[in-house]
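To be precise, the following lines are input.tsv, and they hold TSV, N, CA, C and O atoms.
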chain	number	residue	atom	x	y	z
O	401	MET	N	-22.84	22.94	21.32
O	401	MET	CA	-22.61	23.64	20.08
O	401	MET	C	-21.14	24.01	20.01
O	401	MET	O	-20.51	24.23	21.02
O	402	LYS	N	-20.65	24.10	18.82
O	402	LYS	CA	-19.25	24.48	18.59
O	402	LYS	C	-19.25	25.72	17.70
O	402	LYS	O	-19.99	25.81	16.73
O	403	HIS	N	-18.39	26.67	18.06
O	403	HIS	CA	-18.22	27.89	17.28
O	403	HIS	C	-16.73	28.18	17.21
O	403	HIS	O	-16.05	28.21	18.23
O	404	VAL	N	-16.22	28.38	16.00
O	404	VAL	CA	-14.81	28.74	15.81
O	404	VAL	C	-14.74	30.21	15.43
O	404	VAL	O	-15.43	30.65	14.51
O	405	ARG	N	-13.96	30.96	16.18
O	405	ARG	CA	-13.77	32.38	15.87
O	405	ARG	C	-13.13	32.52	14.49
O	405	ARG	O	-12.27	31.72	14.12
O	406	LYS	N	-13.57	33.50	13.72
O	406	LYS	CA	-13.12	33.65	12.34
O	406	LYS	C	-11.61	33.72	12.19
O	406	LYS	O	-11.05	33.22	11.23
O	407	ASP	N	-10.93	34.34	13.16
O	407	ASP	CA	-9.47	34.45	13.06
O	407	ASP	C	-8.75	33.20	13.58
O	407	ASP	O	-7.53	33.13	13.58
O	408	GLY	N	-9.51	32.20	14.03
O	408	GLY	CA	-8.93	30.94	14.46
O	408	GLY	C	-8.22	30.97	15.80
O	408	GLY	O	-7.49	30.05	16.13
O	409	THR	N	-8.47	31.99	16.62
O	409	THR	CA	-7.79	32.09	17.90
O	409	THR	C	-8.49	31.32	19.01
O	409	THR	O	-7.84	30.92	19.98
O	410	PHE	N	-9.79	31.09	18.89
O	410	PHE	CA	-10.54	30.39	19.93
O	410	PHE	C	-11.59	29.47	19.32
O	410	PHE	O	-12.14	29.74	18.25
O	411	ILE	N	-11.88	28.39	20.06
O	411	ILE	CA	-13.00	27.51	19.77
O	411	ILE	C	-13.91	27.58	20.99
O	411	ILE	O	-13.43	27.47	22.13
O	412	TYR	N	-15.19	27.77	20.75
O	412	TYR	CA	-16.17	27.87	21.83
O	412	TYR	C	-17.07	26.64	21.78
O	412	TYR	O	-17.64	26.33	20.74
O	413	TYR	N	-17.18	25.95	22.91
O	413	TYR	CA	-18.11	24.84	23.07
O	413	TYR	C	-19.10	25.31	24.12
O	413	TYR	O	-18.69	25.66	25.24
O	414	TYR	N	-20.39	25.33	23.81
O	414	TYR	CA	-21.36	25.89	24.75
O	414	TYR	C	-22.74	25.27	24.56
O	414	TYR	O	-23.03	24.66	23.53
O	415	GLU	N	-23.57	25.44	25.58
O	415	GLU	CA	-24.95	24.93	25.58
O	415	GLU	C	-25.82	25.88	26.38
O	415	GLU	O	-25.35	26.61	27.24
O	416	VAL	N	-27.12	25.81	26.11
O	416	VAL	CA	-28.08	26.58	26.88
O	416	VAL	C	-28.46	25.76	28.11
O	416	VAL	O	-28.59	24.54	28.04
O	417	GLN	N	-28.59	26.42	29.24
O	417	GLN	CA	-28.95	25.77	30.50
O	417	GLN	C	-30.46	25.85	30.71
O	417	GLN	O	-31.16	26.55	30.00
O	418	TRP	N	-30.97	25.18	31.70
O	418	TRP	CA	-32.41	25.12	31.97
O	418	TRP	C	-33.00	26.51	32.22
O	418	TRP	O	-34.17	26.74	31.95
O	419	ASP	N	-32.19	27.46	32.73
O	419	ASP	CA	-32.70	28.80	33.03
O	419	ASP	C	-32.52	29.78	31.87
O	419	ASP	O	-32.80	30.97	32.02
O	420	GLY	N	-32.05	29.30	30.72
O	420	GLY	CA	-31.87	30.16	29.56
O	420	GLY	C	-30.48	30.75	29.43
O	420	GLY	O	-30.14	31.31	28.38
O	421	HIS	N	-29.67	30.66	30.46
O	421	HIS	CA	-28.30	31.16	30.39
O	421	HIS	C	-27.44	30.19	29.58
O	421	HIS	O	-27.76	29.01	29.48
O	422	TYR	N	-26.37	30.70	29.03
O	422	TYR	CA	-25.44	29.87	28.28
O	422	TYR	C	-24.19	29.65	29.11
O	422	TYR	O	-23.75	30.53	29.84
O	423	THR	N	-23.62	28.46	29.00
O	423	THR	CA	-22.38	28.15	29.68
O	423	THR	C	-21.53	27.31	28.74
O	423	THR	O	-22.06	26.62	27.86
O	424	GLY	N	-20.23	27.40	28.91
O	424	GLY	CA	-19.37	26.63	28.04
O	424	GLY	C	-17.91	26.80	28.37
O	424	GLY	O	-17.53	27.29	29.44
O	425	ILE	N	-17.10	26.39	27.41
O	425	ILE	CA	-15.65	26.43	27.55
O	425	ILE	C	-15.07	27.05	26.29
O	425	ILE	O	-15.42	26.66	25.18
O	426	ARG	N	-14.19	28.03	26.49
O	426	ARG	CA	-13.46	28.67	25.38
O	426	ARG	C	-12.05	28.10	25.40
O	426	ARG	O	-11.36	28.17	26.41
O	427	VAL	N	-11.64	27.51	24.28
O	427	VAL	CA	-10.31	26.90	24.19
O	427	VAL	C	-9.47	27.69	23.20
O	427	VAL	O	-9.92	28.01	22.09
O	428	GLY	N	-8.26	28.01	23.63
O	428	GLY	CA	-7.29	28.67	22.77
O	428	GLY	C	-6.01	27.86	22.72
O	428	GLY	O	-5.93	26.77	23.30
O	429	ARG	N	-5.01	28.37	22.06
O	429	ARG	CA	-3.75	27.65	21.95
O	429	ARG	C	-3.06	27.46	23.31
O	429	ARG	O	-2.32	26.50	23.49
O	430	LEU	N	-3.30	28.36	24.25
O	430	LEU	CA	-2.63	28.29	25.55
O	430	LEU	C	-3.40	27.52	26.61
O	430	LEU	O	-2.85	27.13	27.62
O	431	GLY	N	-4.71	27.34	26.41
O	431	GLY	CA	-5.50	26.64	27.41
O	431	GLY	C	-6.98	26.91	27.28
O	431	GLY	O	-7.46	27.32	26.22
O	432	ALA	N	-7.71	26.70	28.39
O	432	ALA	CA	-9.17	26.79	28.37
O	432	ALA	C	-9.69	27.64	29.51
O	432	ALA	O	-9.11	27.66	30.60
O	433	HIS	N	-10.78	28.36	29.24
O	433	HIS	CA	-11.49	29.17	30.23
O	433	HIS	C	-12.96	28.76	30.24
O	433	HIS	O	-13.49	28.34	29.21
O	434	LEU	N	-13.61	28.94	31.37
O	434	LEU	CA	-15.05	28.82	31.42
O	434	LEU	C	-15.66	30.10	30.84
O	434	LEU	O	-15.10	31.19	31.01
O	435	ILE	N	-16.81	29.97	30.18
O	435	ILE	CA	-17.52	31.14	29.67
O	435	ILE	C	-18.99	31.03	30.07
O	435	ILE	O	-19.50	29.93	30.29
O	436	GLU	N	-19.65	32.19	30.15
O	436	GLU	CA	-21.08	32.20	30.46
O	436	GLU	C	-21.72	33.41	29.81
O	436	GLU	O	-21.07	34.43	29.59
O	437	GLY	N	-23.01	33.27	29.49
O	437	GLY	CA	-23.72	34.36	28.84
O	437	GLY	C	-25.17	34.43	29.29
O	437	GLY	O	-25.74	33.46	29.78
O	438	GLU	N	-25.74	35.59	29.09
O	438	GLU	CA	-27.14	35.84	29.45
O	438	GLU	C	-28.06	35.22	28.41
O	438	GLU	O	-27.67	35.01	27.27
O	439	PRO	N	-29.31	34.96	28.79
O	439	PRO	CA	-30.28	34.43	27.83
O	439	PRO	C	-30.46	35.39	26.65
O	439	PRO	O	-30.55	36.59	26.83
O	440	THR	N	-30.47	34.84	25.46
O	440	THR	CA	-30.65	35.62	24.25
O	440	THR	C	-31.18	34.71	23.15
O	440	THR	O	-30.91	33.51	23.15
O	441	ALA	N	-31.91	35.28	22.23
O	441	ALA	CA	-32.47	34.49	21.12
O	441	ALA	C	-31.37	33.97	20.21
O	441	ALA	O	-31.43	32.86	19.71
O	442	THR	N	-30.34	34.78	19.98
O	442	THR	CA	-29.23	34.39	19.12
O	442	THR	C	-27.93	34.53	19.91
O	442	THR	O	-27.39	35.63	20.03
O	443	PRO	N	-27.44	33.43	20.49
O	443	PRO	CA	-26.23	33.53	21.30
O	443	PRO	C	-25.00	33.83	20.45
O	443	PRO	O	-24.88	33.35	19.33
O	444	ASN	N	-24.13	34.65	20.99
O	444	ASN	CA	-22.84	34.91	20.36
O	444	ASN	C	-21.77	34.53	21.37
O	444	ASN	O	-21.48	35.30	22.29
O	445	PRO	N	-21.18	33.35	21.23
O	445	PRO	CA	-20.22	32.89	22.23
O	445	PRO	C	-19.02	33.81	22.36
O	445	PRO	O	-18.40	33.85	23.42
O	446	GLU	N	-18.70	34.57	21.32
O	446	GLU	CA	-17.57	35.48	21.40
O	446	GLU	C	-17.82	36.63	22.37
O	446	GLU	O	-16.89	37.28	22.82
O	447	LYS	N	-19.08	36.87	22.71
O	447	LYS	CA	-19.42	37.93	23.65
O	447	LYS	C	-19.71	37.41	25.05
O	447	LYS	O	-20.04	38.18	25.94
O	448	MET	N	-19.60	36.11	25.24
O	448	MET	CA	-19.83	35.54	26.56
O	448	MET	C	-18.69	35.94	27.50
O	448	MET	O	-17.54	36.05	27.08
O	449	ALA	N	-19.03	36.14	28.76
O	449	ALA	CA	-18.05	36.53	29.76
O	449	ALA	C	-17.13	35.36	30.10
O	449	ALA	O	-17.58	34.23	30.25
O	450	VAL	N	-15.84	35.65	30.19
O	450	VAL	CA	-14.86	34.67	30.62
O	450	VAL	C	-14.80	34.72	32.14
O	450	VAL	O	-14.75	35.78	32.73
O	451	ARG	N	-14.83	33.55	32.77
O	451	ARG	CA	-14.73	33.53	34.24
O	451	ARG	C	-13.69	32.50	34.65
O	451	ARG	O	-13.44	31.53	33.94
O	452	GLY	N	-13.11	32.74	35.79
O	452	GLY	CA	-12.09	31.82	36.28
O	452	GLY	C	-10.75	32.04	35.62
O	452	GLY	O	-10.56	32.95	34.82
O	453	ARG	N	-9.82	31.19	35.98
O	453	ARG	CA	-8.46	31.34	35.47
O	453	ARG	C	-8.24	30.46	34.24
O	453	ARG	O	-9.05	29.57	33.95
O	454	LEU	N	-7.15	30.72	33.54
O	454	LEU	CA	-6.76	29.91	32.40
O	454	LEU	C	-6.27	28.55	32.89
O	454	LEU	O	-5.44	28.48	33.80
O	455	HIS	N	-6.79	27.48	32.31
O	455	HIS	CA	-6.35	26.13	32.63
O	455	HIS	C	-5.51	25.61	31.46
O	455	HIS	O	-5.99	25.51	30.34
O	456	VAL	N	-4.26	25.32	31.74
O	456	VAL	CA	-3.33	24.85	30.70
O	456	VAL	C	-3.68	23.41	30.34
O	456	VAL	O	-3.97	22.58	31.20
O	457	ILE	N	-3.65	23.11	29.04
O	457	ILE	CA	-3.96	21.78	28.53
O	457	ILE	C	-2.69	20.94	28.55
O	457	ILE	O	-1.64	21.45	28.18
O	458	PRO	N	-2.70	19.69	28.97
O	458	PRO	CA	-3.86	18.91	29.37
O	458	PRO	C	-4.36	19.31	30.75
O	458	PRO	O	-3.58	19.68	31.63
O	459	VAL	N	-5.67	19.24	30.91
O	459	VAL	CA	-6.34	19.65	32.14
O	459	VAL	C	-6.85	18.41	32.86
O	459	VAL	O	-7.40	17.51	32.22
O	460	SER	N	-6.68	18.37	34.17
O	460	SER	CA	-7.20	17.23	34.95
O	460	SER	C	-8.35	17.70	35.83
O	460	SER	O	-8.46	18.87	36.18
O	461	ALA	N	-9.19	16.77	36.20
O	461	ALA	CA	-10.34	17.07	37.05
O	461	ALA	C	-9.91	17.54	38.44
O	461	ALA	O	-10.59	18.33	39.07
O	462	GLU	N	-8.76	17.08	38.90
O	462	GLU	CA	-8.26	17.49	40.21
O	462	GLU	C	-7.86	18.96	40.21
O	462	GLU	O	-8.03	19.66	41.20
O	463	VAL	N	-7.31	19.43	39.12
O	463	VAL	CA	-6.84	20.82	39.01
O	463	VAL	C	-7.99	21.77	38.69
O	463	VAL	O	-8.01	22.90	39.15
O	464	ALA	N	-8.96	21.32	37.91
O	464	ALA	CA	-10.03	22.19	37.43
O	464	ALA	C	-11.40	21.53	37.55
O	464	ALA	O	-12.05	21.26	36.54
O	465	PRO	N	-11.87	21.30	38.79
O	465	PRO	CA	-13.17	20.62	38.93
O	465	PRO	C	-14.33	21.43	38.33
O	465	PRO	O	-15.27	20.85	37.79
O	466	ASP	N	-14.27	22.77	38.39
O	466	ASP	CA	-15.33	23.59	37.81
O	466	ASP	C	-15.37	23.46	36.29
O	466	ASP	O	-16.43	23.36	35.69
O	467	LEU	N	-14.22	23.41	35.66
O	467	LEU	CA	-14.13	23.24	34.21
O	467	LEU	C	-14.68	21.86	33.82
O	467	LEU	O	-15.43	21.73	32.86
O	468	PHE	N	-14.34	20.84	34.59
O	468	PHE	CA	-14.79	19.48	34.28
O	468	PHE	C	-16.29	19.32	34.50
O	468	PHE	O	-16.94	18.54	33.80
O	469	ALA	N	-16.85	20.05	35.45
O	469	ALA	CA	-18.30	20.00	35.66
O	469	ALA	C	-19.03	20.53	34.43
O	469	ALA	O	-20.01	19.93	33.97
O	470	VAL	N	-18.54	21.60	33.85
O	470	VAL	CA	-19.13	22.15	32.63
O	470	VAL	C	-18.86	21.22	31.45
O	470	VAL	O	-19.73	20.98	30.62
O	471	LYS	N	-17.66	20.67	31.38
O	471	LYS	CA	-17.31	19.74	30.30
O	471	LYS	C	-18.28	18.56	30.26
O	471	LYS	O	-18.72	18.14	29.19
O	472	GLU	N	-18.64	18.05	31.42
O	472	GLU	CA	-19.58	16.92	31.48
O	472	GLU	C	-20.96	17.33	30.96
O	472	GLU	O	-21.65	16.53	30.33
O	473	GLN	N	-21.38	18.56	31.22
O	473	GLN	CA	-22.67	19.05	30.72
O	473	GLN	C	-22.67	19.14	29.21
O	473	GLN	O	-23.69	18.93	28.56
O	474	LEU	N	-21.52	19.48	28.63
O	474	LEU	CA	-21.44	19.70	27.18
O	474	LEU	C	-21.43	18.39	26.40
O	474	LEU	O	-21.85	18.36	25.25
O	475	SER	N	-20.91	17.32	26.99
O	475	SER	CA	-20.91	16.00	26.38
O	475	SER	C	-20.45	16.04	24.92
O	475	SER	O	-21.21	15.79	24.00
O	476	ASN	N	-19.17	16.38	24.72
O	476	ASN	CA	-18.62	16.49	23.39
O	476	ASN	C	-17.28	15.75	23.36
O	476	ASN	O	-16.36	16.11	24.07
O	477	SER	N	-17.20	14.70	22.54
O	477	SER	CA	-15.99	13.88	22.51
O	477	SER	C	-14.78	14.66	22.01
O	477	SER	O	-13.66	14.41	22.45
O	478	GLU	N	-14.98	15.59	21.09
O	478	GLU	CA	-13.85	16.40	20.61
O	478	GLU	C	-13.30	17.26	21.75
O	478	GLU	O	-12.09	17.35	21.93
O	479	LEU	N	-14.18	17.90	22.52
O	479	LEU	CA	-13.74	18.71	23.65
O	479	LEU	C	-13.02	17.85	24.67
O	479	LEU	O	-11.98	18.25	25.19
O	480	ASP	N	-13.53	16.66	24.94
O	480	ASP	CA	-12.87	15.74	25.87
O	480	ASP	C	-11.44	15.46	25.41
O	480	ASP	O	-10.50	15.55	26.21
O	481	ALA	N	-11.28	15.12	24.14
O	481	ALA	CA	-9.95	14.81	23.60
O	481	ALA	C	-9.04	16.03	23.61
O	481	ALA	O	-7.85	15.93	23.93
O	482	LEU	N	-9.59	17.18	23.31
O	482	LEU	CA	-8.81	18.42	23.28
O	482	LEU	C	-8.29	18.77	24.66
O	482	LEU	O	-7.10	19.06	24.84
O	483	LEU	N	-9.15	18.73	25.67
O	483	LEU	CA	-8.73	19.07	27.03
O	483	LEU	C	-7.76	18.05	27.61
O	483	LEU	O	-6.92	18.38	28.44
O	484	ALA	N	-7.85	16.81	27.17
O	484	ALA	CA	-6.94	15.76	27.64
O	484	ALA	C	-5.61	15.78	26.91
O	484	ALA	O	-4.68	15.07	27.29
O	485	GLY	N	-5.51	16.58	25.85
O	485	GLY	CA	-4.28	16.62	25.07
O	485	GLY	C	-4.21	15.53	24.02
O	485	GLY	O	-3.18	15.31	23.41
O	486	GLY	N	-5.34	14.85	23.79
O	486	GLY	CA	-5.39	13.77	22.81
O	486	GLY	C	-5.41	14.24	21.36
O	486	GLY	O	-5.02	13.49	20.46
O	487	ILE	N	-5.89	15.45	21.14
O	487	ILE	CA	-5.84	16.06	19.81
O	487	ILE	C	-5.30	17.48	19.98
O	487	ILE	O	-5.38	18.06	21.06
O	488	THR	N	-4.76	18.02	18.92
O	488	THR	CA	-4.20	19.36	18.98
O	488	THR	C	-5.28	20.41	18.76
O	488	THR	O	-6.36	20.11	18.23
O	489	PHE	N	-4.97	21.62	19.15
O	489	PHE	CA	-5.87	22.74	18.91
O	489	PHE	C	-6.13	22.89	17.41
O	489	PHE	O	-7.25	23.10	16.98
O	490	GLN	N	-5.08	22.74	16.61
O	490	GLN	CA	-5.21	22.87	15.15
O	490	GLN	C	-6.16	21.81	14.59
O	490	GLN	O	-6.98	22.11	13.73
O	491	ALA	N	-6.08	20.59	15.09
O	491	ALA	CA	-6.98	19.52	14.62
O	491	ALA	C	-8.42	19.85	14.97
O	491	ALA	O	-9.33	19.63	14.18
O	492	ALA	N	-8.65	20.39	16.16
O	492	ALA	CA	-10.01	20.76	16.57
O	492	ALA	C	-10.52	21.93	15.75
O	492	ALA	O	-11.71	22.00	15.44
O	493	LEU	N	-9.63	22.86	15.39
O	493	LEU	CA	-10.05	24.00	14.56
O	493	LEU	C	-10.60	23.55	13.22
O	493	LEU	O	-11.59	24.10	12.74
O	494	THR	N	-9.98	22.57	12.63
O	494	THR	CA	-10.35	22.16	11.27
O	494	THR	C	-11.38	21.04	11.21
O	494	THR	O	-11.88	20.75	10.13
O	495	SER	N	-11.71	20.43	12.35
O	495	SER	CA	-12.68	19.34	12.32
O	495	SER	C	-14.10	19.89	12.21
O	495	SER	O	-14.38	21.01	12.62
O	496	LYS	N	-14.95	19.09	11.66
O	496	LYS	CA	-16.37	19.43	11.55
O	496	LYS	C	-17.10	18.57	12.56
O	496	LYS	O	-17.22	17.37	12.39
O	497	VAL	N	-17.57	19.19	13.64
O	497	VAL	CA	-18.27	18.47	14.69
O	497	VAL	C	-19.64	19.07	14.86
O	497	VAL	O	-19.80	20.29	14.97
O	498	VAL	N	-20.66	18.22	14.85
O	498	VAL	CA	-22.03	18.64	15.14
O	498	VAL	C	-22.47	17.82	16.33
O	498	VAL	O	-22.53	16.59	16.25
O	499	GLY	N	-22.75	18.49	17.44
O	499	GLY	CA	-23.10	17.77	18.65
O	499	GLY	C	-21.92	16.94	19.11
O	499	GLY	O	-20.86	17.45	19.39
O	500	ASN	N	-22.08	15.62	19.07
O	500	ASN	CA	-21.04	14.72	19.52
O	500	ASN	C	-20.51	13.88	18.35
O	500	ASN	O	-19.76	12.95	18.54
O	501	ALA	N	-20.91	14.22	17.10
O	501	ALA	CA	-20.51	13.41	15.96
O	501	ALA	C	-19.66	14.23	15.00
O	501	ALA	O	-19.90	15.40	14.77
O	502	ARG	N	-18.66	13.58	14.44
O	502	ARG	CA	-17.82	14.24	13.42
O	502	ARG	C	-18.46	14.06	12.04
O	502	ARG	O	-19.03	13.03	11.75
O	503	LEU	N	-18.33	15.08	11.21
O	503	LEU	CA	-18.82	15.00	9.82
O	503	LEU	C	-17.67	14.77	8.87
O	503	LEU	O	-16.59	15.15	9.09
Take the structure from the file and write it as structure tokens.
Amino acid sequence: MKHVRKDGTFIYYYEVQWDGHYTGIRVGRLGAHLIEGEPTATPNPEKMAVRGRLHVIPVSAEVAPDLFAVKEQLSNSELDALLAGGITFQAALTSKVVGNARL
């Protein structure tokens, strides 16, 4: 799932895990953080806890194996391109992505 903060400062990519917890990646203009949240009927990615350090984009699997493990779970081509530096944060903010497809 993709969620853009109303003020445009962060994009949240997240999914529910088998145990009901949420995990994902929060991307801002400066880089990306891992995020996680407790099971809830209506997830709010903006309230998910940030964990780990800020990873500056472009991010490599060697530098951030934990971030890449979560990225693989999310399976989102836009997130892949964003973390690799293939698209800008601004382009990701304005794109319409549902799952892995652009609208």
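Rounded to one decimal, atom CA of Pro439 of chain O and atom CA of Val463 of chain O lie 29.3 Å from each other.
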Note to self: As an exercise, work out the distance from atom CA of Arg451 of chain O to atom O of Glu438 of chain O in Å and give it to one decimal place.
What the structure shows: 14.8 Å
Next item on the list: With a distance cut-off of 8 Å and only N, CA, C and O atoms, select the neighbouring residues of Leu474 of chain O, excluding the residue or stretch itself and same-chain residues fewer than 6 positions from it, and output the selection as number ranges by chain.
Entry: O: 401, 413-415, 423-425, 467-468, 499-500
Check: Counting only N, CA, C and O atoms, what is within 7 Å of Val450 of chain O, bar same-chain residues fewer than 4 positions away, as a PyMOL selection string?
Finding: chain O and resi 433-436
Next item on the list: Just give me the gap between atom CA of Val427 of chain O and atom O of Arg453 of chain O in Å, one decimal is fine.
Entry: 10.2 Å
Notebook entry, point to check: If you run DSSP on this backbone, which residues of chain O come out as strand (DSSP E), and could you give them as a PyMOL selection string?
Noted result: chain O and resi 402-404+410-416+422-428+432-437+449-455+497-498+501-502
Could you take the residues named above and write them with N, CA, C and O atoms, as a short mmCIF file (atom, residue, chain, number, x, y, z; two decimals), in the frame of the given file?
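Saved result, out27.cif, follows:
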data_model
loop_
_atom_site.label_atom_id
_atom_site.label_comp_id
_atom_site.auth_asym_id
_atom_site.auth_seq_id
_atom_site.Cartn_x
_atom_site.Cartn_y
_atom_site.Cartn_z
N LYS O 402 -20.65 24.10 18.82
CA LYS O 402 -19.25 24.48 18.59
C LYS O 402 -19.25 25.72 17.70
O LYS O 402 -19.99 25.81 16.73
N HIS O 403 -18.39 26.67 18.06
CA HIS O 403 -18.22 27.89 17.28
C HIS O 403 -16.73 28.18 17.21
O HIS O 403 -16.05 28.21 18.23
N VAL O 404 -16.22 28.38 16.00
CA VAL O 404 -14.81 28.74 15.81
C VAL O 404 -14.74 30.21 15.43
O VAL O 404 -15.43 30.65 14.51
N PHE O 410 -9.79 31.09 18.89
CA PHE O 410 -10.54 30.39 19.93
C PHE O 410 -11.59 29.47 19.32
O PHE O 410 -12.14 29.74 18.25
N ILE O 411 -11.88 28.39 20.06
CA ILE O 411 -13.00 27.51 19.77
C ILE O 411 -13.91 27.58 20.99
O ILE O 411 -13.43 27.47 22.13
N TYR O 412 -15.19 27.77 20.75
CA TYR O 412 -16.17 27.87 21.83
C TYR O 412 -17.07 26.64 21.78
O TYR O 412 -17.64 26.33 20.74
N TYR O 413 -17.18 25.95 22.91
CA TYR O 413 -18.11 24.84 23.07
C TYR O 413 -19.10 25.31 24.12
O TYR O 413 -18.69 25.66 25.24
N TYR O 414 -20.39 25.33 23.81
CA TYR O 414 -21.36 25.89 24.75
C TYR O 414 -22.74 25.27 24.56
O TYR O 414 -23.03 24.66 23.53
N GLU O 415 -23.57 25.44 25.58
CA GLU O 415 -24.95 24.93 25.58
C GLU O 415 -25.82 25.88 26.38
O GLU O 415 -25.35 26.61 27.24
N VAL O 416 -27.12 25.81 26.11
CA VAL O 416 -28.08 26.58 26.88
C VAL O 416 -28.46 25.76 28.11
O VAL O 416 -28.59 24.54 28.04
N TYR O 422 -26.37 30.70 29.03
CA TYR O 422 -25.44 29.87 28.28
C TYR O 422 -24.19 29.65 29.11
O TYR O 422 -23.75 30.53 29.84
N THR O 423 -23.62 28.46 29.00
CA THR O 423 -22.38 28.15 29.68
C THR O 423 -21.53 27.31 28.74
O THR O 423 -22.06 26.62 27.86
N GLY O 424 -20.23 27.40 28.91
CA GLY O 424 -19.37 26.63 28.04
C GLY O 424 -17.91 26.80 28.37
O GLY O 424 -17.53 27.29 29.44
N ILE O 425 -17.10 26.39 27.41
CA ILE O 425 -15.65 26.43 27.55
C ILE O 425 -15.07 27.05 26.29
O ILE O 425 -15.42 26.66 25.18
N ARG O 426 -14.19 28.03 26.49
CA ARG O 426 -13.46 28.67 25.38
C ARG O 426 -12.05 28.10 25.40
O ARG O 426 -11.36 28.17 26.41
N VAL O 427 -11.64 27.51 24.28
CA VAL O 427 -10.31 26.90 24.19
C VAL O 427 -9.47 27.69 23.20
O VAL O 427 -9.92 28.01 22.09
N GLY O 428 -8.26 28.01 23.63
CA GLY O 428 -7.29 28.67 22.77
C GLY O 428 -6.01 27.86 22.72
O GLY O 428 -5.93 26.77 23.30
N ALA O 432 -7.71 26.70 28.39
CA ALA O 432 -9.17 26.79 28.37
C ALA O 432 -9.69 27.64 29.51
O ALA O 432 -9.11 27.66 30.60
N HIS O 433 -10.78 28.36 29.24
CA HIS O 433 -11.49 29.17 30.23
C HIS O 433 -12.96 28.76 30.24
O HIS O 433 -13.49 28.34 29.21
N LEU O 434 -13.61 28.94 31.37
CA LEU O 434 -15.05 28.82 31.42
C LEU O 434 -15.66 30.10 30.84
O LEU O 434 -15.10 31.19 31.01
N ILE O 435 -16.81 29.97 30.18
CA ILE O 435 -17.52 31.14 29.67
C ILE O 435 -18.99 31.03 30.07
O ILE O 435 -19.50 29.93 30.29
N GLU O 436 -19.65 32.19 30.15
CA GLU O 436 -21.08 32.20 30.46
C GLU O 436 -21.72 33.41 29.81
O GLU O 436 -21.07 34.43 29.59
N GLY O 437 -23.01 33.27 29.49
CA GLY O 437 -23.72 34.36 28.84
C GLY O 437 -25.17 34.43 29.29
O GLY O 437 -25.74 33.46 29.78
N ALA O 449 -19.03 36.14 28.76
CA ALA O 449 -18.05 36.53 29.76
C ALA O 449 -17.13 35.36 30.10
O ALA O 449 -17.58 34.23 30.25
N VAL O 450 -15.84 35.65 30.19
CA VAL O 450 -14.86 34.67 30.62
C VAL O 450 -14.80 34.72 32.14
O VAL O 450 -14.75 35.78 32.73
N ARG O 451 -14.83 33.55 32.77
CA ARG O 451 -14.73 33.53 34.24
C ARG O 451 -13.69 32.50 34.65
O ARG O 451 -13.44 31.53 33.94
N GLY O 452 -13.11 32.74 35.79
CA GLY O 452 -12.09 31.82 36.28
C GLY O 452 -10.75 32.04 35.62
O GLY O 452 -10.56 32.95 34.82
N ARG O 453 -9.82 31.19 35.98
CA ARG O 453 -8.46 31.34 35.47
C ARG O 453 -8.24 30.46 34.24
O ARG O 453 -9.05 29.57 33.95
N LEU O 454 -7.15 30.72 33.54
CA LEU O 454 -6.76 29.91 32.40
C LEU O 454 -6.27 28.55 32.89
O LEU O 454 -5.44 28.48 33.80
N HIS O 455 -6.79 27.48 32.31
CA HIS O 455 -6.35 26.13 32.63
C HIS O 455 -5.51 25.61 31.46
O HIS O 455 -5.99 25.51 30.34
N VAL O 497 -17.57 19.19 13.64
CA VAL O 497 -18.27 18.47 14.69
C VAL O 497 -19.64 19.07 14.86
O VAL O 497 -19.80 20.29 14.97
N VAL O 498 -20.66 18.22 14.85
CA VAL O 498 -22.03 18.64 15.14
C VAL O 498 -22.47 17.82 16.33
O VAL O 498 -22.53 16.59 16.25
N ALA O 501 -20.91 14.22 17.10
CA ALA O 501 -20.51 13.41 15.96
C ALA O 501 -19.66 14.23 15.00
O ALA O 501 -19.90 15.40 14.77
N ARG O 502 -18.66 13.58 14.44
CA ARG O 502 -17.82 14.24 13.42
C ARG O 502 -18.46 14.06 12.04
O ARG O 502 -19.03 13.03 11.75
#
